[in-house]
Amino acid sequence: MDLNFTSSELAFRDEVRAFLDTKLPKRLSEMVRNGQRLSKADQEEWHAILNEKGWLANHWPKEHGGTGWTAVEKFIFENECALAHAPRVLPFGLSMLGPVLIKYGNDQQKSYWLPRILNGQDWWCQGYSEPGAGSDLAALKTTAVRDGDDYIINGQKTWTTQGQHANMIFCLVRTSKEGKKQEGISFILVDMTTPGIEVRPIKTIDGGFEVNEVFFSDVRVPAENLVGEENKGWTCAKYLLTYERTNIAGVGFSVAALEKLKAIAADQQANEGRLIDDPQFAARLAKVEIELENMKTTNLRVIAAVAGGGVPGAESSMLKVKGTEIRQEITSLTRRAVGSYALPYNPPAFEEGFNGPHIGPDYAAPTAKSYFNNRKLSIFGGSNEIQKNIISKMILGL
Amino acid sequence: MDLNFTSSELAFRDEVRAFLDTKLPKRLSEMVRNGQRLSKADQEEWHAILNEKGWLANHWPKEHGGTGWTAVEKFIFENECALAHAPRVLPFGLSMLGPVLIKYGNDQQKSYWLPRILNGQDWWCQGYSEPGAGSDLAALKTTAVRDGDDYIINGQKTWTTQGQHANMIFCLVRTSKEGKKQEGISFILVDMTTPGIEVRPIKTIDGGFEVNEVFFSDVRVPAENLVGEENKGWTCAKYLLTYERTNIAGVGFSVAALEKLKAIAADQQANEGRLIDDPQFAARLAKVEIELENMKTTNLRVIAAVAGGGVPGAESSMLKVKGTEIRQEITSLTRRAVGSYALPYNPPAFEEGFNGPHIGPDYAAPTAKSYFNNRKLSIFGGSNEIQKNIISKMILGL
Amino acid sequence: MDFNLTDDRRMLADTLSRFIQDQYTIESRNEAANSAIGYSQDLWSQYAELGVIGALFDEENGGFGGKGFDLAVVFENLGRGLVCEPFLDNAILAGGTLAAAGNDAQKAIIEDIIAGSKTATFAHFEPRSRYSLQKVETTAVATDDGWTLNGAKAVVRFIDTADYVIVSARTSNGVNDKDGISLFLLDTASVNLNVNSYNTVAGGRAGEVTLNNLTVSKDALIGEVGQAHDVLEKVVGAGIVALCAEALGVMEAAKEQTVDYIQTRKQFGVPIGKFQALQHRMADILIEIEQVRSAVINAAAALEKEDRVERERALSAAKYTVGHVGQKIAEETIQIHGGIGMAWELPLGHYAKRLVMIDHELGDEDYHLGRYISLGKTLSPTSDQ
Amino acid sequence: MDFNLTDDRRMLADTLSRFIQDQYTIESRNEAANSAIGYSQDLWSQYAELGVIGALFDEENGGFGGKGFDLAVVFENLGRGLVCEPFLDNAILAGGTLAAAGNDAQKAIIEDIIAGSKTATFAHFEPRSRYSLQKVETTAVATDDGWTLNGAKAVVRFIDTADYVIVSARTSNGVNDKDGISLFLLDTASVNLNVNSYNTVAGGRAGEVTLNNLTVSKDALIGEVGQAHDVLEKVVGAGIVALCAEALGVMEAAKEQTVDYIQTRKQFGVPIGKFQALQHRMADILIEIEQVRSAVINAAAALEKEDRVERERALSAAKYTVGHVGQKIAEETIQIHGGIGMAWELPLGHYAKRLVMIDHELGDEDYHLGRYISLGKTLSPTSDQ
């Protein structure tokens with residue numbers, strides 16, 4: 001039993017750190033650190049930097065332009081990126097569609113679409129959830145009807161993250177109403193510039209726009225855009241959802257956020273002395289720090305099991321539930337830490353290059369927004385309730 | 001809106017206090033205060049004292065020898081008794097069977113059995129739960145088959161509290177297997193000296209003996225012991241279970257236990273100063289104290305609603321859940337407060353007149369036992385899960 | 001013991017409840033709450049006409065209420081409707097200060113507040129005071145003509161539109177002393193306040209106020225020099241009852257919205273309200289709300305009590321309870337809704353935001369738990385019920 | 001990074017697991033645990049023969065283990081089997097003290113401990129010291145021939161049957177000073193100890209020890225005069241790893257028993273494990289246990305670290321986690337069982353009792369949370385992973 005990284009893993013970590021040190025633009029990391037909104041161009045800039053280094057597709061095998069990293073290397077990379085406040089790599093093309101195409105796509109699809117994900121020609125979004133099909137994804141109603149060499153798509157998708165920036169969407173659509181509800185589903189790629197598609201942004205409670213509704217009215221899509229067999233899309237869907245997610249616990253994000261929280265608590269004054277020394281606050285802080293220390297090891301254990309040939313499956317549900325609880329608790333304490341300065345709502349402070357007067361301490365502005373925005377963590381990507389159903393069935397056998 | 005008792009309620013409270021002051025034997029209140037085990041004779045002694053005063057049957061109307069008290073008066077009485085460390089009045093005859101007989105019994109049953117409950121001739125226990133019928137009470141399997149003027153009972157009851165002391169048991173038995181499972185149940189009174197009855201005590205995890213299994217093998221019971229109509233016993237059962245329980249929250253017990261806990265925490269030394277001043281412990285104590293202050297008012301509100309003609313029903317589920325959580329938390333903190341002196345297990349100290357050397361402080365002996373014993377509070381009398389089902393259906397309409 | 005409202009209060013509650021139901025949609029509420037002034041002046045006039053503001057003052061001050069239970073009745077209804085108009089800072093805190101300590105000339109303003117023709121606000125808390133009542137760094141130095149004020153005040157609600165602002169300042173003693181705090185009434189039209197104003201997360205407007213050698217006349221002083229602490233405690237106590245009752249109303253509404261949602265929303269072919277895990281969580285929410293209701297009743301009943309420890313402990317207990325339960329209910333009701341709970345379009349998220357933000361006003365749960373413990377140290381370990 | 005056990009440890013774990021499974025029924029375990037000596041001397045000899053005791057000592061001291069992960073492997077298995085034999089106080093605490101600070105003559109006893117032919121115990125904590133390592137009121141005063149001891153020691157495990165007892169006493173400084181604590185090795189056959197002994201709630205025997213002008217010879221001293229604090233911290237650290245690993249095993253077993261039960265127990269016509277509310281609670285239990293497992297790994301890995309703050313924080317974090325999660329799991333598994341969870345006859349309740357009682361040994365969750373916070377104050381606010 002050895003909790004330390006091997007020397008080659010340590011060397012890799014140093015390489016990642018050196019890369020981030022020199023290549024991650026200060027402009028971007030400052031925005032991330034300050035909780036500011038990244039534009040599409042900002043995100044594309046970071047993707048391009050990673051792609052230049054060959055590190056963009058860290059979930060793909062080498063032959064398709066991926067890194068071919070081990071689970072441990074992937075973890076180290078994602079963790080270091082979070083600690084360095086690098087922008088998040090958007091998962092839709094790289095972590096979701098890419099692996100599905102590699103496993104289920106035909107040669108033509110692979111050779112056409114994969115390079116376009118890497119070089120940024122396509123910005124993908126995900127067409128899974130529908131208003132009546134959230135946790136119960138297989139209840140989806142959007143239809144694709146074969147018409148010659150095309151499918152005609154009608155229906156509605158929702159909670160499409162970053163869909164407003166996307167030119168492509170991968171969708172689950174119903175191609176048959178026979179059999180079990182899982183059986184008539186197909187996986188298809190849709191160009192969002194096709195006539196009949198309308199994207200409507202959904203404003204979220206924090207005042208931001210990250211998610212969208214996507215409406216399809218007689219949208220004509222070439223049948224060659226079908227991935228895998230017709231009516232077998234559920235296989236792709238499940239593969240995508242359970243696809244190894246080394247960073248689902250978000251440990252790196254939590255470590256970075258906890259550091260920031262501690263700095264805030266050391267700056268804030270409580271009744272007697274610093275907030276960080278206030279007994280109730282110190283206890284809250286210590287509890288989440290201990291949870292996080294434990295979670296670091298839980299996460300590494302799951303990764304080690306994967307590296308040893310295991311498949312995470314239900315274990316990633318465990319990481320999801322606890323990891324998001326920890327992240328949410330840290331954002332909650334950060335909001336709590338700033339006292340009445342959680343109240344001001346000052347959108348200009350969320351934008352790059354904000355120079356106006358800060359309201360209260362400069363770290364206060366994004367705290368409430370971030371707290372409310374991060375309520376999504378336990379809802380999206382398979383709600384924590386769904387994860388508990390999975391744990392209950394897959395691990396406990398209930 | 002007036003939270004204060006009326007002057008007549010205050011006068012009643014003073015009367016109760018004066019009575020407890022003069023009539024509650026110090027010997028008994030000391031045993032209760034010290035968490036010692038009361039014998040059958042101890043409990044009978046207290047019943048007799050209350051009966052002499054005419055205060056034993058506080059749930060019964062005056063015409064049957066009860067007090068005819070209002071809900072507020074009942075609450076005041078039970079609360080003052082708890083604060084004075086009076087022994088608990090056993091509910092089986094007085095709060096459970098009594099009201100059922102008064103509502104569903106025939107004249108002969110009322111005139112024969114009710115006085116015997118008051119004067120202590122009968123000690124009743126409850127034959128409801130079975131090994132396969134706990135939360136799902138209507139699944140009970142014990143049968144009663146009519147044979148001439150008798151019923152022949154076969155089956156098994158369990159969790160029969162204080163059954164080892166009882167000479168009588170009221171049972172739910174299956175008299176028909178037709179229709180819905182609730183429909184073939186009857187309510188019957190059984191003399192425990194009848195041949196074919198065997199009582200086996202169940203030792204509980206705290207090492208005590210409070211509950212029993214009762215086995216019935218061809219037990220012959222006169223048909224006149226049937227209460228209400230054959231196959232209509234479920235009506236009696238439900239009436240008994242939802243029968244107004246003013247003290248289900250156990251506020252008086254909690255207040256008394258919290259006082260004792262505070263005295264312990266003031267006596268115990270923590271790292272720096274007294275345990276009661278330790279920030280973590282003080283926070284735990286304050287949280288449960290605030291919950292209890294809130295619960296006092298919640299309880300009074302429900303009682304006021306009853307007094308105003310409302311029926312508590314599902315509201316008593318609310319009192320049960322929160323009330324038992326509070327009681328359990330106080331026993332948990334009391335155990336926590338005594339540090340390593342929670343470990344010694346010294347049964348002689350649980351008995352009256354214990355004079356031996358105390359292990360650690362004299363208040364330490366019952367703390368662990370009481371903590372483990374009180375796990376029952378959230379299980380027996382309709383588990384807290386069942387109470388939440390009731391709240392969900394009856395109040396929330398889910 | 002009587003838990004029924006008086007007839008007057010019941011009538012007021014019914015009127016107010018109907019008015020709010022008729023006047024507000026979530027869209028119009030959000031529009032007003034996030035507007036340049038943070039509320040609807042039109043509705044404010046109507047509240048005045050309905051007598052809702054008058055219910056927050058006693059007869060001596062031209063009102064017809066002003067007791068703890070009057071505040072509770074009004075604010076529970078305001079909470080249910082997520083009302084963003086300036087009841088708290090204007091009527092309870094600023095108006096309450098004038099009622100408690102103002103001279104006749106200053107009290108005359110209360111009539112305008114009740115009539116809705118003028119508003120006032122309350123500038124006590126400071127950038128570094130967190131929730132402390134006694135930590136005042138702003139100074140007031142006596143001059144020949146009056147006072148010179150220097151310092152900064154944090155998150156002063158509705159300062160943009162306030163006709164008056166009440167400012168606390170230290171006239172003697174150390175930064176953290178109870179003694180030596182004084183209060184001043186400023187007419188915003190005649191003094192040159194430096195204000196950086198903004199909207200707030202759960203609706204309503206506020207601003208940072210900087211006092212830079214601001215001179216005010218002698219008659220700006222409210223009450224006795226250096227004796228403001230008890231006045232502050234009194235009005236903040238009333239503010240706590242008001243906020244707690246508001247939170248109760250918000251929780252009730254959030255609970256009802258969630259019950260309605262899970263009764264209709266289907267997943268896996270059945271309403272999600274049929275899933276036992278959600279049922280038990282909703283039952284927990286219901287139980288916690290009933291405990292909050294009791295805490296509000298306890299606080300409202302305590303507000304007029306003479307015994308400081310008993311009164312302030314009941315107030316801190318209520319604010320702690322509201323903070324603790326409020327966060328839980330905000331998070332649970334969003335979570336139980338799922339994705340749609342995150343949508344701005346639904347009322348729920350706005351209720352959740354208000355619930356969480358109430359914990360950031362007049363002391364959060366940690367602050368009040370600590371205060372409850374401190375106050376308890378003056379008691380013997382034995383307490384009577 | 002490698003989370004697999006070494007082959008030696010895996011073999012030990014397998015052997016131990018099989019042995020425990022073969023030897024113990026809940027009845028025989030309870031009989032031994034609640035007997036007049038609180039354990040089975042027969043089984044103890046067998047453990048010695050199996051080499052289980054030797055695995056707790058390093059080679060230098062005649063064992064073949066002694067590292068954090070050796071302790072963890074053994075104690076997790078002991079926990080799974082609810083083993084009541086005196087591993088902790090005898091081998092880890094008393095034996096560990098001798099190994100850490102004993103002279104050659106004293107270390108010779110370790111051989112007998114490993115062989116199972118002698119047992120020792122650890123009398124450090126006192127009636128008023130709660131969980132403090134440094135609060136020692138017992139005094140040792142130097143005489144011409146040796147030392148005179150006065151004081152009292154609390155809840156000394158298995159004192160009835162111990163051949164040796166290690167006693168801490170203050171030889172200088174104040175009651176609460178780290179400096180000035182010394183350790184003494186007493187042969188129970190040759191000193192006249194005043195012991196009031198008893199069984200304990202979760203099995204095993206203990207006693208109150210009173211030292212009344214007890215004289216011991218010069219060679220009773222272990223290590224240097226007045227320098228025992230660091231020795232105590234070291235062996236108690238090992239004790240914490242052991243207890244935490246034991247708790248992990250207990251939790252695992254309690255979880256499995258509960259899963260088995262709810263898969264078979266039917267109510268309303270279906271196994272209660274099909275009710276979603278219970279499923280989600282079981283999922284929570286599983287997640288918490290995995291966090292405990294990580295805490296145990298962290299603590300075991302930290303045990304040999306030089307950096308005191310890093311090491312002791314990992315130990316306190318683990319004991320806090322175990323205390324916090326342990327109570328939850330004890331209460332939840334009983335509750336989920338329902339009435340039958342209260343029955344002595346079932347193993348479950350005994351596992352639950354052990355889990356709760358572990359929080360009363362070597363510092364409870366509050367103590368270790370406080371300690372974790374205090375230790376952290378010496379760190380800069382920025383920590384590396």
# chains A, B, ... in the order shown; residues from 1 in each chain; ligands from 1
$ residues_around --residues "B:Trp55" --least-positions-apart "3" --cutoff "9 Å" --atoms "only C-alpha atoms" --output "number ranges by chain"
B: 49-52, 58, 65-67
$ write_last_selection --atoms "all heavy atoms" --output "PDB file, in the first residue's frame"
ATOM      1  N   ILE B  49     -51.331   5.415  43.859  1.00  0.00           N
ATOM      2  CA  ILE B  49     -51.342   6.790  44.393  1.00  0.00           C
ATOM      3  C   ILE B  49     -52.167   7.697  43.489  1.00  0.00           C
ATOM      4  O   ILE B  49     -52.990   8.497  43.949  1.00  0.00           O
ATOM      5  CB  ILE B  49     -49.891   7.326  44.524  1.00  0.00           C
ATOM      6  CG1 ILE B  49     -49.147   6.554  45.621  1.00  0.00           C
ATOM      7  CG2 ILE B  49     -49.884   8.825  44.812  1.00  0.00           C
ATOM      8  CD1 ILE B  49     -47.641   6.784  45.638  1.00  0.00           C
ATOM      9  N   LEU B  50     -51.947   7.550  42.175  1.00  0.00           N
ATOM     10  CA  LEU B  50     -52.703   8.373  41.234  1.00  0.00           C
ATOM     11  C   LEU B  50     -54.190   8.026  41.291  1.00  0.00           C
ATOM     12  O   LEU B  50     -55.056   8.905  41.227  1.00  0.00           O
ATOM     13  CB  LEU B  50     -52.173   8.176  39.811  1.00  0.00           C
ATOM     14  CG  LEU B  50     -50.814   8.812  39.509  1.00  0.00           C
ATOM     15  CD1 LEU B  50     -50.359   8.408  38.111  1.00  0.00           C
ATOM     16  CD2 LEU B  50     -50.884  10.336  39.615  1.00  0.00           C
ATOM     17  N   ASN B  51     -54.470   6.734  41.420  1.00  0.00           N
ATOM     18  CA  ASN B  51     -55.869   6.317  41.424  1.00  0.00           C
ATOM     19  C   ASN B  51     -56.586   6.853  42.646  1.00  0.00           C
ATOM     20  O   ASN B  51     -57.751   7.264  42.567  1.00  0.00           O
ATOM     21  CB  ASN B  51     -55.948   4.785  41.386  1.00  0.00           C
ATOM     22  CG  ASN B  51     -57.366   4.310  41.138  1.00  0.00           C
ATOM     23  OD1 ASN B  51     -58.065   4.862  40.301  1.00  0.00           O
ATOM     24  ND2 ASN B  51     -57.792   3.309  41.893  1.00  0.00           N
ATOM     25  N   GLU B  52     -55.877   6.866  43.755  1.00  0.00           N
ATOM     26  CA  GLU B  52     -56.480   7.381  44.970  1.00  0.00           C
ATOM     27  C   GLU B  52     -56.903   8.845  44.782  1.00  0.00           C
ATOM     28  O   GLU B  52     -57.947   9.270  45.231  1.00  0.00           O
ATOM     29  CB  GLU B  52     -55.465   7.268  46.116  1.00  0.00           C
ATOM     30  CG  GLU B  52     -56.112   7.389  47.479  1.00  0.00           C
ATOM     31  CD  GLU B  52     -55.068   7.538  48.570  1.00  0.00           C
ATOM     32  OE1 GLU B  52     -53.901   7.139  48.337  1.00  0.00           O
ATOM     33  OE2 GLU B  52     -55.409   8.051  49.635  1.00  0.00           O
ATOM     34  N   ASN B  58     -56.263   9.697  32.889  1.00  0.00           N
ATOM     35  CA  ASN B  58     -56.453  11.059  32.427  1.00  0.00           C
ATOM     36  C   ASN B  58     -56.933  11.142  30.978  1.00  0.00           C
ATOM     37  O   ASN B  58     -57.188  12.223  30.467  1.00  0.00           O
ATOM     38  CB  ASN B  58     -55.210  11.918  32.702  1.00  0.00           C
ATOM     39  CG  ASN B  58     -54.039  11.553  31.840  1.00  0.00           C
ATOM     40  OD1 ASN B  58     -54.130  11.589  30.626  1.00  0.00           O
ATOM     41  ND2 ASN B  58     -52.929  11.192  32.474  1.00  0.00           N
ATOM     42  N   GLY B  65     -64.734   7.017  35.406  1.00  0.00           N
ATOM     43  CA  GLY B  65     -63.669   7.092  36.416  1.00  0.00           C
ATOM     44  C   GLY B  65     -62.447   7.853  35.938  1.00  0.00           C
ATOM     45  O   GLY B  65     -61.403   7.830  36.584  1.00  0.00           O
ATOM     46  N   GLY B  66     -62.579   8.505  34.790  1.00  0.00           N
ATOM     47  CA  GLY B  66     -61.453   9.295  34.290  1.00  0.00           C
ATOM     48  C   GLY B  66     -61.501  10.715  34.817  1.00  0.00           C
ATOM     49  O   GLY B  66     -62.373  11.069  35.625  1.00  0.00           O
ATOM     50  N   THR B  67     -60.545  11.506  34.360  1.00  0.00           N
ATOM     51  CA  THR B  67     -60.439  12.871  34.866  1.00  0.00           C
ATOM     52  C   THR B  67     -61.283  13.849  34.066  1.00  0.00           C
ATOM     53  O   THR B  67     -61.611  14.920  34.550  1.00  0.00           O
ATOM     54  CB  THR B  67     -58.983  13.357  34.765  1.00  0.00           C
ATOM     55  OG1 THR B  67     -58.560  13.212  33.404  1.00  0.00           O
ATOM     56  CG2 THR B  67     -58.070  12.544  35.668  1.00  0.00           C
TER      57      THR B  67
END
$ select_by_dssp --residues "stretch 71-159 of chain B" --states "alpha helix (DSSP H)" --output "number ranges by chain"
B: 71-83, 91, 98-104, 107-118
$ interface_residues --of "chain D" --to "chain C" --cutoff "7 Å" --atoms "only C-alpha atoms" --output "number ranges by chain"
D: 275-277
$ select_by_dssp --residues "stretch 76-307 of chain D" --states "strand (DSSP E)" --output "PyMOL selection string"
chain D and resi 120-123+139-142+146-157+164-170+181-187+194-200+205-217+221-222+266-267+270-271
$ interface_residues --of "chain B" --to "chain D" --cutoff "8 Å" --atoms "only C-alpha atoms" --output "PyMOL selection string"
chain B and resi 132-136+139+159+202-207+268-271+280-281+336+339-346+359-360+368-369+372-373+375-376+378-380+383
$ atom_distance --atom1 "atom CA of C:Gln41" --atom2 "atom CA of C:Val73"
22.3 Å
$ decode --residues "stretch 327-345 of chain D" --atoms "N, CA and C atoms" --output "PDB file, in the first residue's frame"
ATOM      1  N   GLN D 327     -21.289   6.836  14.666  1.00  0.00           N
ATOM      2  CA  GLN D 327     -22.573   7.019  15.345  1.00  0.00           C
ATOM      3  C   GLN D 327     -23.719   6.955  14.344  1.00  0.00           C
ATOM      4  N   LYS D 328     -23.509   7.605  13.220  1.00  0.00           N
ATOM      5  CA  LYS D 328     -24.557   7.601  12.193  1.00  0.00           C
ATOM      6  C   LYS D 328     -24.885   6.176  11.749  1.00  0.00           C
ATOM      7  N   ILE D 329     -23.856   5.392  11.519  1.00  0.00           N
ATOM      8  CA  ILE D 329     -24.086   4.035  11.015  1.00  0.00           C
ATOM      9  C   ILE D 329     -24.681   3.150  12.099  1.00  0.00           C
ATOM     10  N   ALA D 330     -24.223   3.306  13.330  1.00  0.00           N
ATOM     11  CA  ALA D 330     -24.822   2.538  14.430  1.00  0.00           C
ATOM     12  C   ALA D 330     -26.319   2.826  14.503  1.00  0.00           C
ATOM     13  N   GLU D 331     -26.656   4.095  14.459  1.00  0.00           N
ATOM     14  CA  GLU D 331     -28.060   4.476  14.621  1.00  0.00           C
ATOM     15  C   GLU D 331     -28.886   4.087  13.403  1.00  0.00           C
ATOM     16  N   GLU D 332     -28.336   4.301  12.233  1.00  0.00           N
ATOM     17  CA  GLU D 332     -29.077   3.995  11.015  1.00  0.00           C
ATOM     18  C   GLU D 332     -29.298   2.487  10.848  1.00  0.00           C
ATOM     19  N   THR D 333     -28.284   1.693  11.127  1.00  0.00           N
ATOM     20  CA  THR D 333     -28.465   0.247  10.905  1.00  0.00           C
ATOM     21  C   THR D 333     -29.474  -0.319  11.898  1.00  0.00           C
ATOM     22  N   ILE D 334     -29.471   0.168  13.132  1.00  0.00           N
ATOM     23  CA  ILE D 334     -30.510  -0.274  14.072  1.00  0.00           C
ATOM     24  C   ILE D 334     -31.881   0.165  13.574  1.00  0.00           C
ATOM     25  N   GLN D 335     -31.978   1.434  13.203  1.00  0.00           N
ATOM     26  CA  GLN D 335     -33.270   1.982  12.785  1.00  0.00           C
ATOM     27  C   GLN D 335     -33.813   1.252  11.561  1.00  0.00           C
ATOM     28  N   ILE D 336     -32.926   0.966  10.612  1.00  0.00           N
ATOM     29  CA  ILE D 336     -33.378   0.308   9.385  1.00  0.00           C
ATOM     30  C   ILE D 336     -33.820  -1.126   9.677  1.00  0.00           C
ATOM     31  N   HIS D 337     -33.173  -1.770  10.642  1.00  0.00           N
ATOM     32  CA  HIS D 337     -33.651  -3.090  11.064  1.00  0.00           C
ATOM     33  C   HIS D 337     -35.033  -3.007  11.708  1.00  0.00           C
ATOM     34  N   GLY D 338     -35.310  -1.890  12.376  1.00  0.00           N
ATOM     35  CA  GLY D 338     -36.545  -1.827  13.158  1.00  0.00           C
ATOM     36  C   GLY D 338     -36.387  -2.612  14.445  1.00  0.00           C
ATOM     37  N   GLY D 339     -37.494  -3.042  15.033  1.00  0.00           N
ATOM     38  CA  GLY D 339     -37.486  -3.681  16.355  1.00  0.00           C
ATOM     39  C   GLY D 339     -36.398  -4.728  16.526  1.00  0.00           C
ATOM     40  N   ILE D 340     -36.222  -5.568  15.536  1.00  0.00           N
ATOM     41  CA  ILE D 340     -35.259  -6.665  15.661  1.00  0.00           C
ATOM     42  C   ILE D 340     -33.835  -6.130  15.849  1.00  0.00           C
ATOM     43  N   GLY D 341     -33.599  -4.913  15.397  1.00  0.00           N
ATOM     44  CA  GLY D 341     -32.292  -4.287  15.597  1.00  0.00           C
ATOM     45  C   GLY D 341     -31.987  -4.020  17.062  1.00  0.00           C
ATOM     46  N   MET D 342     -33.031  -4.039  17.893  1.00  0.00           N
ATOM     47  CA  MET D 342     -32.871  -3.808  19.328  1.00  0.00           C
ATOM     48  C   MET D 342     -32.596  -5.104  20.087  1.00  0.00           C
ATOM     49  N   ALA D 343     -32.670  -6.246  19.397  1.00  0.00           N
ATOM     50  CA  ALA D 343     -32.591  -7.531  20.102  1.00  0.00           C
ATOM     51  C   ALA D 343     -31.140  -7.952  20.340  1.00  0.00           C
ATOM     52  N   TRP D 344     -30.861  -8.351  21.537  1.00  0.00           N
ATOM     53  CA  TRP D 344     -29.533  -8.826  21.966  1.00  0.00           C
ATOM     54  C   TRP D 344     -29.090 -10.022  21.127  1.00  0.00           C
ATOM     55  N   GLU D 345     -30.072 -10.821  20.759  1.00  0.00           N
ATOM     56  CA  GLU D 345     -29.831 -12.073  20.042  1.00  0.00           C
ATOM     57  C   GLU D 345     -29.130 -11.852  18.696  1.00  0.00           C
TER      58      GLU D 345
END
